[in-house]
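Presented below is the structure to which this report refers.
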Amino acid sequence: MTTSASDTITMFGADWCIDCRRTKKQLDELGIDYTYIDLIDDPAAADVAKEISGRTNIPVVVYPDASHHVEPSNADVESKLRELALI
């Protein structure tokens with residue numbers, strides 16, 4: 001990961017996860033820049049995601065203000081992006 005968590009959105013997920021695919025699609029359609037960490041390609045990152053969220057559920061979406069969502073709905077993501085003035 002080349003960008004710092006303080007200036008970007010980071011999403012931990014896996015392609016087999018329906019919620020991960022949905023959230024990625026939403027971010028892509030909204031034109032939001034984010035760093036995607038594929039837990040299949042980088043299994044050790046699952047520990048990082050669990051440290052952040054305290055859970056093993058995915059996706060874990062970390063926002064520039066250091067808050068995060070676990071398995072967020074599209075409405076949750078949109079609300080947070082609006083709060084951060086990203087959309």
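The chains in the structure tokens are called A, B, ... from first to last as shown; in each chain the residues are counted from 1, and the ligands are counted from 1 in the order shown.
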Filtered DSSP result for chain A, state alpha helix (DSSP H), as a short mmCIF file (atom, residue, chain, number, x, y, z; two decimals) with C-alpha atoms, in the first residue's frame:
```cif
data_model
loop_
_atom_site.label_atom_id
_atom_site.label_comp_id
_atom_site.auth_asym_id
_atom_site.auth_seq_id
_atom_site.Cartn_x
_atom_site.Cartn_y
_atom_site.Cartn_z
CA ILE A 18 -20.80 -10.74 -2.23
CA ASP A 19 -20.77 -7.73 0.12
CA CYS A 20 -17.19 -6.94 -0.94
CA ARG A 21 -18.12 -7.01 -4.62
CA ARG A 22 -21.13 -4.79 -3.93
CA THR A 23 -19.09 -2.22 -1.99
CA LYS A 24 -16.31 -2.19 -4.60
CA LYS A 25 -18.91 -1.63 -7.32
CA GLN A 26 -20.46 1.25 -5.36
CA LEU A 27 -17.10 2.96 -4.81
CA ASP A 28 -16.17 2.45 -8.47
CA GLU A 29 -19.48 3.83 -9.72
CA LEU A 30 -19.13 6.88 -7.46
CA ALA A 45 -3.85 -8.54 5.83
CA ALA A 46 -6.80 -10.39 7.38
CA ASP A 47 -5.10 -9.90 10.74
CA VAL A 48 -4.86 -6.16 10.04
CA ALA A 49 -8.54 -6.01 9.12
CA LYS A 50 -9.45 -7.93 12.28
CA GLU A 51 -7.30 -5.57 14.37
CA ILE A 52 -9.17 -2.59 12.93
CA SER A 53 -12.66 -4.00 13.23
CA ASN A 74 -24.68 1.02 0.36
CA ALA A 75 -26.58 3.61 2.39
CA ASP A 76 -23.96 3.43 5.18
CA VAL A 77 -21.13 4.00 2.71
CA GLU A 78 -22.93 6.82 0.91
CA SER A 79 -23.76 8.55 4.19
CA LYS A 80 -20.14 8.39 5.34
CA LEU A 81 -18.81 9.63 1.99
CA ARG A 82 -21.21 12.58 2.18
CA GLU A 83 -20.17 13.29 5.78
#
```
Next item on the list: Check chain A with DSSP on the backbone and list each residue it calls strand (DSSP E), as a PyMOL selection string.
Entry: chain A and resi 9-13+34-38+60-62+68-70
Expected file: the selected residues, C-alpha atoms, as a compact mmCIF listing (two decimals), in the first residue's frame:
```
# COMPACT_ATOMS: atom_id res chain seq x y z
CA ILE A 9 -10.16 4.93 1.79
CA THR A 10 -8.88 1.41 2.29
CA MET A 11 -11.08 -1.60 1.73
CA PHE A 12 -10.17 -5.09 2.91
CA GLY A 13 -12.08 -7.77 1.05
CA TYR A 34 -9.56 3.74 -2.69
CA THR A 35 -6.95 1.14 -1.93
CA TYR A 36 -8.24 -2.42 -2.21
CA ILE A 37 -6.50 -5.08 -0.17
CA ASP A 38 -7.37 -8.54 -1.45
CA VAL A 60 -13.80 -3.67 6.27
CA VAL A 61 -13.83 -0.13 4.88
CA VAL A 62 -11.48 2.34 6.58
CA HIS A 68 -14.51 2.20 9.65
CA HIS A 69 -17.46 0.11 8.60
CA VAL A 70 -17.75 -3.67 8.65
```
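Interatomic distance, atom CA of Asp65 of chain A against atom CA of Leu86 of chain A: 11.8 Å.
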Next item on the list: Give me, please, the distance in Å between atom CA of Cys17 of chain A and atom CA of Pro59 of chain A, quoted to one decimal.
Entry: 7.9 Å
